[in-house]
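coords12.cif follows (mmCIF, C-alpha atoms; chains and numbers go by the auth columns):
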data_target
#
loop_
_atom_site.group_PDB
_atom_site.id
_atom_site.type_symbol
_atom_site.label_atom_id
_atom_site.label_comp_id
_atom_site.label_asym_id
_atom_site.label_seq_id
_atom_site.Cartn_x
_atom_site.Cartn_y
_atom_site.Cartn_z
_atom_site.B_iso_or_equiv
_atom_site.auth_seq_id
_atom_site.auth_asym_id
ATOM 1 C CA MET A 1 -60.102 -58.830 213.073 0.00 292 A
ATOM 2 C CA LEU A 2 -58.240 -56.261 215.188 0.00 293 A
ATOM 3 C CA ALA A 3 -56.151 -59.039 216.709 0.00 294 A
ATOM 4 C CA ALA A 4 -55.189 -60.244 213.229 0.00 295 A
ATOM 5 C CA LEU A 5 -54.181 -56.723 212.199 0.00 296 A
ATOM 6 C CA LEU A 6 -52.021 -56.334 215.288 0.00 297 A
ATOM 7 C CA GLU A 7 -50.114 -59.425 214.266 0.00 298 A
ATOM 8 C CA LEU A 8 -49.387 -57.695 210.958 0.00 299 A
ATOM 9 C CA ALA A 9 -48.605 -54.320 212.521 0.00 300 A
ATOM 10 C CA PRO A 10 -47.754 -54.580 216.232 0.00 301 A
ATOM 11 C CA SER A 11 -46.803 -50.897 216.315 0.00 302 A
ATOM 12 C CA GLY A 12 -50.471 -49.960 216.256 0.00 303 A
ATOM 13 C CA VAL A 13 -53.724 -49.706 214.329 0.00 304 A
ATOM 14 C CA GLU A 14 -55.848 -46.643 213.687 0.00 305 A
ATOM 15 C CA GLN A 15 -59.642 -47.148 213.512 0.00 306 A
ATOM 16 C CA VAL A 16 -62.109 -44.796 211.848 0.00 307 A
ATOM 17 C CA ASP A 17 -65.848 -45.556 211.962 0.00 308 A
ATOM 18 C CA GLY A 18 -68.037 -44.450 209.083 0.00 309 A
ATOM 19 C CA ASP A 19 -71.661 -44.908 208.062 0.00 310 A
ATOM 20 C CA GLY A 20 -71.864 -48.655 207.517 0.00 311 A
ATOM 21 C CA TRP A 21 -68.108 -49.161 207.289 0.00 312 A
ATOM 22 C CA VAL A 22 -64.990 -49.306 209.441 0.00 313 A
ATOM 23 C CA GLU A 23 -61.528 -48.348 208.223 0.00 314 A
ATOM 24 C CA PHE A 24 -58.333 -49.663 209.829 0.00 315 A
ATOM 25 C CA ALA A 25 -55.015 -48.031 208.983 0.00 316 A
ATOM 26 C CA VAL A 26 -51.648 -49.598 209.739 0.00 317 A
ATOM 27 C CA TYR A 27 -48.410 -47.682 209.378 0.00 318 A
ATOM 28 C CA GLY A 28 -44.821 -48.756 208.859 0.00 319 A
ATOM 29 C CA ALA A 29 -41.591 -47.898 207.115 0.00 320 A
ATOM 30 C CA ALA A 30 -40.672 -49.570 203.847 0.00 321 A
ATOM 31 C CA GLY A 31 -40.222 -53.294 204.371 0.00 322 A
ATOM 32 C CA GLU A 32 -41.785 -53.343 207.839 0.00 323 A
ATOM 33 C CA LEU A 33 -45.278 -54.474 206.799 0.00 324 A
ATOM 34 C CA PRO A 34 -46.198 -57.630 204.890 0.00 325 A
ATOM 35 C CA GLU A 35 -47.136 -57.157 201.267 0.00 326 A
ATOM 36 C CA LEU A 36 -50.868 -57.240 200.580 0.00 327 A
ATOM 37 C CA ASN A 37 -52.129 -56.759 197.054 0.00 328 A
ATOM 38 C CA SER A 38 -54.621 -53.968 196.548 0.00 329 A
ATOM 39 C CA GLY A 39 -58.215 -55.097 196.166 0.00 330 A
ATOM 40 C CA GLU A 40 -60.229 -57.749 197.980 0.00 331 A
ATOM 41 C CA ALA A 41 -58.521 -59.800 200.697 0.00 332 A
ATOM 42 C CA GLU A 42 -59.324 -61.773 203.829 0.00 333 A
ATOM 43 C CA VAL A 43 -57.985 -60.688 207.235 0.00 334 A
ATOM 44 C CA GLY A 44 -59.068 -62.534 210.357 0.00 335 A
ATOM 45 C CA ASP A 45 -61.862 -64.335 208.434 0.00 336 A
ATOM 46 C CA VAL A 46 -63.272 -60.976 207.312 0.00 337 A
ATOM 47 C CA ARG A 47 -63.427 -59.821 203.694 0.00 338 A
ATOM 48 C CA VAL A 48 -61.823 -56.403 203.338 0.00 339 A
ATOM 49 C CA THR A 49 -60.722 -53.965 200.660 0.00 340 A
ATOM 50 C CA VAL A 50 -56.986 -53.245 200.784 0.00 341 A
ATOM 51 C CA SER A 51 -55.257 -50.114 199.550 0.00 342 A
ATOM 52 C CA ALA A 52 -51.817 -48.662 200.233 0.00 343 A
ATOM 53 C CA ARG A 53 -50.232 -45.255 199.801 0.00 344 A
ATOM 54 C CA GLU A 54 -47.290 -43.269 201.042 0.00 345 A
ATOM 55 C CA VAL A 55 -47.904 -40.971 203.988 0.00 346 A
ATOM 56 C CA PRO A 56 -45.856 -38.023 205.275 0.00 347 A
ATOM 57 C CA GLY A 57 -42.817 -38.847 207.379 0.00 348 A
ATOM 58 C CA ASP A 58 -44.496 -37.522 210.533 0.00 349 A
ATOM 59 C CA TRP A 59 -47.069 -40.355 210.632 0.00 350 A
ATOM 60 C CA ALA A 60 -45.758 -41.479 214.035 0.00 351 A
ATOM 61 C CA GLU A 61 -47.141 -38.213 215.490 0.00 352 A
ATOM 62 C CA ARG A 62 -50.131 -37.703 213.194 0.00 353 A
ATOM 63 C CA TRP A 63 -52.111 -40.547 214.829 0.00 354 A
ATOM 64 C CA LYS A 64 -52.453 -38.424 217.951 0.00 355 A
ATOM 65 C CA ARG A 65 -54.959 -36.201 216.143 0.00 356 A
ATOM 66 C CA PHE A 66 -57.490 -39.024 216.259 0.00 357 A
ATOM 67 C CA HIS A 67 -57.421 -39.142 220.079 0.00 358 A
ATOM 68 C CA VAL A 68 -59.207 -36.059 221.369 0.00 359 A
ATOM 69 C CA PRO A 69 -60.585 -35.198 224.824 0.00 360 A
ATOM 70 C CA VAL A 70 -64.139 -36.269 225.616 0.00 361 A
ATOM 71 C CA LEU A 71 -66.511 -34.762 228.193 0.00 362 A
ATOM 72 C CA ILE A 72 -69.221 -37.106 229.491 0.00 363 A
ATOM 73 C CA ARG A 73 -72.319 -35.561 231.093 0.00 364 A
ATOM 74 C CA ASP A 74 -70.220 -32.712 232.555 0.00 365 A
ATOM 75 C CA ARG A 75 -68.801 -35.225 235.050 0.00 366 A
ATOM 76 C CA LEU A 76 -65.979 -37.103 233.347 0.00 367 A
ATOM 77 C CA TYR A 77 -63.243 -35.590 231.191 0.00 368 A
ATOM 78 C CA LEU A 78 -61.162 -38.179 229.345 0.00 369 A
ATOM 79 C CA ARG A 79 -58.011 -37.023 227.613 0.00 370 A
ATOM 80 C CA PRO A 80 -54.791 -38.417 226.197 0.00 371 A
ATOM 81 C CA PRO A 81 -51.633 -37.399 228.099 0.00 372 A
ATOM 82 C CA TRP A 82 -50.618 -34.803 225.511 0.00 373 A
ATOM 83 C CA GLU A 83 -53.808 -32.759 226.129 0.00 374 A
ATOM 84 C CA GLN A 84 -54.226 -30.278 228.983 0.00 375 A
ATOM 85 C CA PRO A 85 -56.463 -31.125 231.978 0.00 376 A
ATOM 86 C CA THR A 86 -59.916 -29.608 232.238 0.00 377 A
ATOM 87 C CA LEU A 87 -60.394 -26.482 234.315 0.00 378 A
ATOM 88 C CA ARG A 88 -64.079 -27.173 234.955 0.00 379 A
ATOM 89 C CA PRO A 89 -64.816 -27.465 238.670 0.00 380 A
ATOM 90 C CA GLY A 90 -66.288 -30.738 239.852 0.00 381 A
ATOM 91 C CA VAL A 91 -65.271 -32.660 236.728 0.00 382 A
ATOM 92 C CA ILE A 92 -63.203 -35.835 237.153 0.00 383 A
ATOM 93 C CA ASP A 93 -60.091 -35.619 234.976 0.00 384 A
ATOM 94 C CA LEU A 94 -58.886 -38.956 233.583 0.00 385 A
ATOM 95 C CA VAL A 95 -55.676 -39.363 231.610 0.00 386 A
ATOM 96 C CA ILE A 96 -55.830 -42.345 229.249 0.00 387 A
ATOM 97 C CA ASP A 97 -52.890 -43.263 227.056 0.00 388 A
ATOM 98 C CA PRO A 98 -54.308 -45.300 224.145 0.00 389 A
ATOM 99 C CA GLY A 99 -51.143 -47.372 223.927 0.00 390 A
ATOM 100 C CA ARG A 100 -50.586 -49.416 220.797 0.00 391 A
ATOM 101 C CA ALA A 101 -54.107 -50.625 220.076 0.00 392 A
ATOM 102 C CA PHE A 102 -56.749 -48.892 222.154 0.00 393 A
ATOM 103 C CA GLY A 103 -58.710 -45.692 222.505 0.00 394 A
ATOM 104 C CA THR A 104 -59.126 -42.985 225.101 0.00 395 A
ATOM 105 C CA GLY A 105 -62.903 -43.194 225.432 0.00 396 A
ATOM 106 C CA ALA A 106 -63.980 -41.252 222.354 0.00 397 A
ATOM 107 C CA HIS A 107 -65.576 -44.205 220.554 0.00 398 A
ATOM 108 C CA ALA A 108 -69.370 -44.249 220.755 0.00 399 A
ATOM 109 C CA THR A 109 -69.481 -47.646 222.471 0.00 400 A
ATOM 110 C CA THR A 110 -67.233 -46.461 225.305 0.00 401 A
ATOM 111 C CA ARG A 111 -69.023 -43.136 225.689 0.00 402 A
ATOM 112 C CA LEU A 112 -72.389 -44.863 225.916 0.00 403 A
ATOM 113 C CA CYS A 113 -71.038 -47.216 228.590 0.00 404 A
ATOM 114 C CA LEU A 114 -69.723 -44.258 230.559 0.00 405 A
ATOM 115 C CA GLU A 115 -73.061 -42.458 230.334 0.00 406 A
ATOM 116 C CA LEU A 116 -74.888 -45.447 231.798 0.00 407 A
ATOM 117 C CA LEU A 117 -72.171 -45.950 234.411 0.00 408 A
ATOM 118 C CA LEU A 118 -72.457 -42.327 235.485 0.00 409 A
ATOM 119 C CA GLU A 119 -76.213 -42.704 235.853 0.00 410 A
ATOM 120 C CA ARG A 120 -75.665 -45.680 238.181 0.00 411 A
ATOM 121 C CA ALA A 121 -73.214 -43.668 240.256 0.00 412 A
ATOM 122 C CA GLU A 122 -75.556 -40.674 240.453 0.00 413 A
ATOM 123 C CA VAL A 123 -78.350 -42.787 241.954 0.00 414 A
ATOM 124 C CA GLY A 124 -75.977 -44.553 244.341 0.00 415 A
ATOM 125 C CA ASP A 125 -76.147 -47.919 242.561 0.00 416 A
ATOM 126 C CA ARG A 126 -72.515 -48.833 243.141 0.00 417 A
ATOM 127 C CA GLY A 127 -70.781 -51.911 244.544 0.00 418 A
ATOM 128 C CA SER A 128 -68.279 -54.379 243.150 0.00 419 A
ATOM 129 C CA LEU A 129 -67.653 -54.094 239.422 0.00 420 A
ATOM 130 C CA CYS A 130 -66.123 -56.226 236.675 0.00 421 A
ATOM 131 C CA ASP A 131 -65.046 -54.766 233.331 0.00 422 A
ATOM 132 C CA LEU A 132 -65.028 -57.452 230.627 0.00 423 A
ATOM 133 C CA GLY A 133 -62.717 -56.549 227.745 0.00 424 A
ATOM 134 C CA CYS A 134 -61.007 -53.654 229.515 0.00 425 A
ATOM 135 C CA GLY A 135 -58.852 -52.421 226.597 0.00 426 A
ATOM 136 C CA SER A 136 -56.960 -49.363 227.822 0.00 427 A
ATOM 137 C CA GLY A 137 -58.817 -49.468 231.145 0.00 428 A
ATOM 138 C CA VAL A 138 -61.103 -46.496 230.537 0.00 429 A
ATOM 139 C CA LEU A 139 -64.229 -48.030 232.064 0.00 430 A
ATOM 140 C CA ALA A 140 -62.544 -49.744 235.004 0.00 431 A
ATOM 141 C CA ILE A 141 -60.584 -46.629 235.966 0.00 432 A
ATOM 142 C CA ALA A 142 -63.641 -44.382 235.622 0.00 433 A
ATOM 143 C CA ALA A 143 -65.635 -46.802 237.787 0.00 434 A
ATOM 144 C CA ALA A 144 -62.997 -46.723 240.509 0.00 435 A
ATOM 145 C CA ARG A 145 -62.963 -42.917 240.459 0.00 436 A
ATOM 146 C CA LEU A 146 -66.760 -42.901 240.698 0.00 437 A
ATOM 147 C CA GLY A 147 -66.722 -44.998 243.875 0.00 438 A
ATOM 148 C CA PHE A 148 -67.333 -48.519 242.590 0.00 439 A
ATOM 149 C CA GLY A 149 -65.295 -51.225 244.241 0.00 440 A
ATOM 150 C CA PRO A 150 -63.669 -53.612 244.327 0.00 441 A
ATOM 151 C CA VAL A 151 -62.980 -53.297 240.589 0.00 442 A
ATOM 152 C CA THR A 152 -61.825 -56.157 238.347 0.00 443 A
ATOM 153 C CA ALA A 153 -60.578 -55.613 234.786 0.00 444 A
ATOM 154 C CA LEU A 154 -60.266 -58.558 232.389 0.00 445 A
ATOM 155 C CA ASP A 155 -59.057 -58.880 228.804 0.00 446 A
ATOM 156 C CA SER A 156 -57.604 -61.619 226.619 0.00 447 A
ATOM 157 C CA ASP A 157 -54.986 -59.297 225.120 0.00 448 A
ATOM 158 C CA PRO A 158 -51.743 -58.883 227.087 0.00 449 A
ATOM 159 C CA LEU A 159 -51.397 -55.380 225.615 0.00 450 A
ATOM 160 C CA ALA A 160 -54.694 -54.486 227.280 0.00 451 A
ATOM 161 C CA ILE A 161 -53.409 -55.664 230.643 0.00 452 A
ATOM 162 C CA GLU A 162 -50.286 -53.532 230.208 0.00 453 A
ATOM 163 C CA ALA A 163 -52.280 -50.484 229.112 0.00 454 A
ATOM 164 C CA THR A 164 -54.864 -50.794 231.894 0.00 455 A
ATOM 165 C CA THR A 165 -52.205 -51.233 234.572 0.00 456 A
ATOM 166 C CA ALA A 166 -50.208 -48.250 233.317 0.00 457 A
ATOM 167 C CA ASN A 167 -53.270 -46.003 232.992 0.00 458 A
ATOM 168 C CA ALA A 168 -54.507 -46.932 236.467 0.00 459 A
ATOM 169 C CA ARG A 169 -51.119 -45.963 237.863 0.00 460 A
ATOM 170 C CA GLN A 170 -51.165 -42.702 235.888 0.00 461 A
ATOM 171 C CA ASN A 171 -54.517 -41.795 237.460 0.00 462 A
ATOM 172 C CA GLY A 172 -53.594 -42.845 240.982 0.00 463 A
ATOM 173 C CA VAL A 173 -56.188 -45.625 240.917 0.00 464 A
ATOM 174 C CA VAL A 174 -55.767 -49.071 242.450 0.00 465 A
ATOM 175 C CA LEU A 175 -57.694 -51.761 240.595 0.00 466 A
ATOM 176 C CA ASP A 176 -58.164 -54.906 242.650 0.00 467 A
ATOM 177 C CA ARG A 177 -57.623 -57.338 239.773 0.00 468 A
ATOM 178 C CA VAL A 178 -56.227 -56.770 236.280 0.00 469 A
ATOM 179 C CA GLU A 179 -55.899 -60.137 234.593 0.00 470 A
ATOM 180 C CA ARG A 180 -55.987 -61.960 231.292 0.00 471 A
ATOM 181 C CA ALA A 181 -59.106 -64.042 230.719 0.00 472 A
ATOM 182 C CA ASN A 182 -60.556 -65.968 227.803 0.00 473 A
ATOM 183 C CA LEU A 183 -64.138 -64.719 227.830 0.00 474 A
ATOM 184 C CA ARG A 184 -65.111 -67.282 225.178 0.00 475 A
ATOM 185 C CA GLU A 185 -64.301 -70.123 227.561 0.00 476 A
ATOM 186 C CA GLN A 186 -64.228 -68.730 231.100 0.00 477 A
ATOM 187 C CA ALA A 187 -67.272 -67.657 233.082 0.00 478 A
ATOM 188 C CA PRO A 188 -66.985 -64.041 234.243 0.00 479 A
ATOM 189 C CA PRO A 189 -66.461 -63.521 237.983 0.00 480 A
ATOM 190 C CA GLN A 190 -69.354 -62.453 240.166 0.00 481 A
ATOM 191 C CA ALA A 191 -69.834 -58.713 240.689 0.00 482 A
ATOM 192 C CA ASP A 192 -72.680 -56.367 241.555 0.00 483 A
ATOM 193 C CA VAL A 193 -72.172 -54.480 238.282 0.00 484 A
ATOM 194 C CA VAL A 194 -70.722 -55.928 235.072 0.00 485 A
ATOM 195 C CA LEU A 195 -69.518 -53.833 232.151 0.00 486 A
ATOM 196 C CA ALA A 196 -69.279 -55.661 228.828 0.00 487 A
ATOM 197 C CA ASN A 197 -68.153 -53.473 225.936 0.00 488 A
ATOM 198 C CA LEU A 198 -67.809 -56.355 223.496 0.00 489 A
ATOM 199 C CA MET A 199 -69.032 -57.316 220.054 0.00 490 A
ATOM 200 C CA ARG A 200 -72.358 -59.154 219.730 0.00 491 A
ATOM 201 C CA PRO A 201 -70.989 -62.729 219.312 0.00 492 A
ATOM 202 C CA LEU A 202 -68.876 -62.414 222.441 0.00 493 A
ATOM 203 C CA LEU A 203 -71.703 -60.772 224.392 0.00 494 A
ATOM 204 C CA LEU A 204 -73.908 -63.748 223.568 0.00 495 A
ATOM 205 C CA ARG A 205 -71.156 -66.131 224.652 0.00 496 A
ATOM 206 C CA VAL A 206 -70.711 -64.265 227.953 0.00 497 A
ATOM 207 C CA ALA A 207 -74.445 -64.603 228.521 0.00 498 A
ATOM 208 C CA GLU A 208 -74.183 -68.381 228.021 0.00 499 A
ATOM 209 C CA LEU A 209 -71.280 -68.731 230.452 0.00 500 A
ATOM 210 C CA MET A 210 -72.507 -66.371 233.183 0.00 501 A
ATOM 211 C CA PRO A 211 -73.445 -68.595 236.168 0.00 502 A
ATOM 212 C CA GLU A 212 -75.556 -66.016 237.973 0.00 503 A
ATOM 213 C CA PRO A 213 -76.745 -62.646 236.701 0.00 504 A
ATOM 214 C CA PRO A 214 -75.304 -59.531 238.349 0.00 505 A
ATOM 215 C CA ARG A 215 -77.483 -56.882 239.895 0.00 506 A
ATOM 216 C CA ALA A 216 -76.821 -54.663 236.876 0.00 507 A
ATOM 217 C CA LEU A 217 -75.146 -55.207 233.529 0.00 508 A
ATOM 218 C CA ILE A 218 -74.127 -52.570 231.010 0.00 509 A
ATOM 219 C CA ALA A 219 -73.659 -54.096 227.561 0.00 510 A
ATOM 220 C CA SER A 220 -72.199 -52.139 224.673 0.00 511 A
ATOM 221 C CA GLY A 221 -70.191 -52.752 221.519 0.00 512 A
ATOM 222 C CA LEU A 222 -73.319 -53.721 219.589 0.00 513 A
ATOM 223 C CA LEU A 223 -75.079 -52.161 216.637 0.00 514 A
ATOM 224 C CA ASP A 224 -78.490 -50.719 217.407 0.00 515 A
ATOM 225 C CA HIS A 225 -80.336 -53.498 215.528 0.00 516 A
ATOM 226 C CA GLU A 226 -78.542 -56.133 217.641 0.00 517 A
ATOM 227 C CA ALA A 227 -79.761 -54.782 220.968 0.00 518 A
ATOM 228 C CA ASP A 228 -82.986 -56.839 221.242 0.00 519 A
ATOM 229 C CA LYS A 229 -81.197 -60.156 220.780 0.00 520 A
ATOM 230 C CA VAL A 230 -78.472 -59.259 223.273 0.00 521 A
ATOM 231 C CA ALA A 231 -80.981 -58.074 225.864 0.00 522 A
ATOM 232 C CA ALA A 232 -82.935 -61.318 225.552 0.00 523 A
ATOM 233 C CA ALA A 233 -79.778 -63.415 225.955 0.00 524 A
ATOM 234 C CA PHE A 234 -79.172 -62.032 229.444 0.00 525 A
ATOM 235 C CA SER A 235 -82.613 -62.990 230.781 0.00 526 A
ATOM 236 C CA PRO A 236 -83.764 -62.885 233.604 0.00 527 A
ATOM 237 C CA LEU A 237 -82.138 -59.443 233.603 0.00 528 A
ATOM 238 C CA ARG A 238 -84.525 -56.882 232.203 0.00 529 A
ATOM 239 C CA GLU A 239 -83.761 -53.933 229.989 0.00 530 A
ATOM 240 C CA ARG A 240 -84.101 -50.651 231.884 0.00 531 A
ATOM 241 C CA ARG A 241 -82.413 -48.236 229.529 0.00 532 A
ATOM 242 C CA ARG A 242 -81.139 -48.142 225.954 0.00 533 A
ATOM 243 C CA VAL A 243 -78.953 -45.431 224.441 0.00 534 A
ATOM 244 C CA ILE A 244 -78.014 -45.136 220.760 0.00 535 A
ATOM 245 C CA ASP A 245 -75.322 -43.048 219.065 0.00 536 A
ATOM 246 C CA LYS A 246 -74.078 -43.198 215.467 0.00 537 A
ATOM 247 C CA GLY A 247 -75.620 -46.615 214.943 0.00 538 A
ATOM 248 C CA TRP A 248 -74.065 -48.095 218.080 0.00 539 A
ATOM 249 C CA GLY A 249 -76.096 -49.099 221.117 0.00 540 A
ATOM 250 C CA ALA A 250 -75.669 -49.749 224.826 0.00 541 A
ATOM 251 C CA LEU A 251 -78.049 -51.394 227.260 0.00 542 A
ATOM 252 C CA LEU A 252 -78.605 -51.176 230.977 0.00 543 A
ATOM 253 C CA LEU A 253 -80.001 -54.494 232.196 0.00 544 A
ATOM 254 C CA ARG A 254 -81.066 -55.033 235.800 0.00 545 A
ATOM 255 C CA ALA A 255 -82.375 -57.815 237.961 0.00 546 A
ATOM 256 C CA PRO A 256 -86.171 -57.890 238.283 0.00 547 A
#
Please, can you express the file's structure as structure tokens?
Amino acid sequence: MLAALLELAPSGVEQVDGDGWVEFAVYGAAGELPELNSGEAEVGDVRVTVSAREVPGDWAERWKRFHVPVLIRDRLYLRPPWEQPTLRPGVIDLVIDPGRAFGTGAHATTRLCLELLLERAEVGDRGSLCDLGCGSGVLAIAAARLGFGPVTALDSDPLAIEATTANARQNGVVLDRVERANLREQAPPQADVVLANLMRPLLLRVAELMPEPPRALIASGLLDHEADKVAAAFSPLRERRRVIDKGWGALLLRAP
């Protein structure tokens, strides 16, 4: 659905998650956006409720309020470029520009991935890493800063490739591969650790296409009630850890 919205509003989409609902807001001057009647509509094969209203003229700056710094386990500090760096000693400071369609790491699915990734780093379980659906590059860049390598970042969206490349440069990080990939048709490359912050249907498809299981896989982007089915799909990997936040879940799966 997000891809369909970006076709309507390539300047950007704002996402707000609620209890059992998700709201997407698109902004534009008069005449810039296609006309959609208020009420029920279908966008990207999803039934939605459409409403429209005028917003203050400073909307181009107001969206920045939704991207706030995030501190993960007192080890990682993720912030947009307009926020000041952390002064906490020993904390890795990452600057992530959300670009036109992505976040800075504040969403629950990304935070849960980072928590599990940090745990792997703390116990020395590093190695090569592949980030499937890299978005703005948060996970891949954090992994590189935590000592994983070589790091591959893949996404089907060319905007994601641009954002990840730019953010890696901003943080002084060299990612070994940043490429477009159709995860619905292409098998993911081999890596010791795979990060997959994707929605359930695509996670299940990745599981079908994966030729050999990695040593460890962190799967996120799923609702908490979807976790059992996703974990089973990646057999023979076994679930070692599950974390839940605001109805979203993430799994750490490891080889037996």
Would you translate the PyMOL selection byres ((chain A and resi 443) around 12) into the concrete set of residues it matches in this file, as a PyMOL selection string?
chain A and resi 418-425+428+430-432+434-435+439-442+444-446+452+455-456+459+465-472+479-486
Where does the PyMOL selection byres ((chain A and resi 476) around 12) land in this file, that is, which residues does it pick, as a list in words?
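Applied to this file, the PyMOL selection byres ((chain A and resi 476) around 12) selects Ser447, Ala472, Asn473, Leu474, Arg475, Gln477, Ala478, Pro479, Leu493, Arg496, Val497, Ala498, Glu499, Leu500 and Met501 of chain A.
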Computed interatomic separation between CA of Ala507 (chain A) and CA of Leu385 (chain A) (Å)
24.1 Å
Residues picked by the PyMOL selection byres ((chain A and resi 518) around 12) here, as a ChimeraX atom specification?
/A:490-492,494-495,509-517,519-525,530,532-535,538-544
Within 9 Å of region 364-371 of chain A: each region 401-440 of chain A residue with its shortest pair, all atoms listed in the file, as a tab-separated table:
residue	atom	partner	partner_atom	distance
A:Leu405	CA	A:Leu367	CA	8.5
A:Glu406	CA	A:Arg364	CA	7.0
A:Leu409	CA	A:Arg366	CA	8.0
A:Val429	CA	A:Leu369	CA	8.4
A:Ala433	CA	A:Leu367	CA	8.0
Provide the CA of Pro527 (chain A) to CA of Arg545 (chain A) distance in Å, to one decimal place.
8.6 Å
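In this structure, CA of Pro360 (chain A) sits 15.4 Å away from CA of Asn458 (chain A).
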Report as AutoDock Vina command-line options the centre and the edge lengths, in Å to one decimal, of the axis-aligned box holding every listed atom of region 483-500 of chain A, padded by 8 Å on each side.
--center_x -71.1 --center_y -61.1 --center_z 230.4 --size_x 22.6 --size_y 31.3 --size_z 38.2
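Shell of Ala454 (chain A) at 8 Å, with only C-alpha atoms counted and residues fewer than 3 places along the chain excluded, is Asp388, Pro389, Gly390, Gly426, Ser427, Gly428, Leu450, Ala451, Ala457 and Asn458 of chain A.
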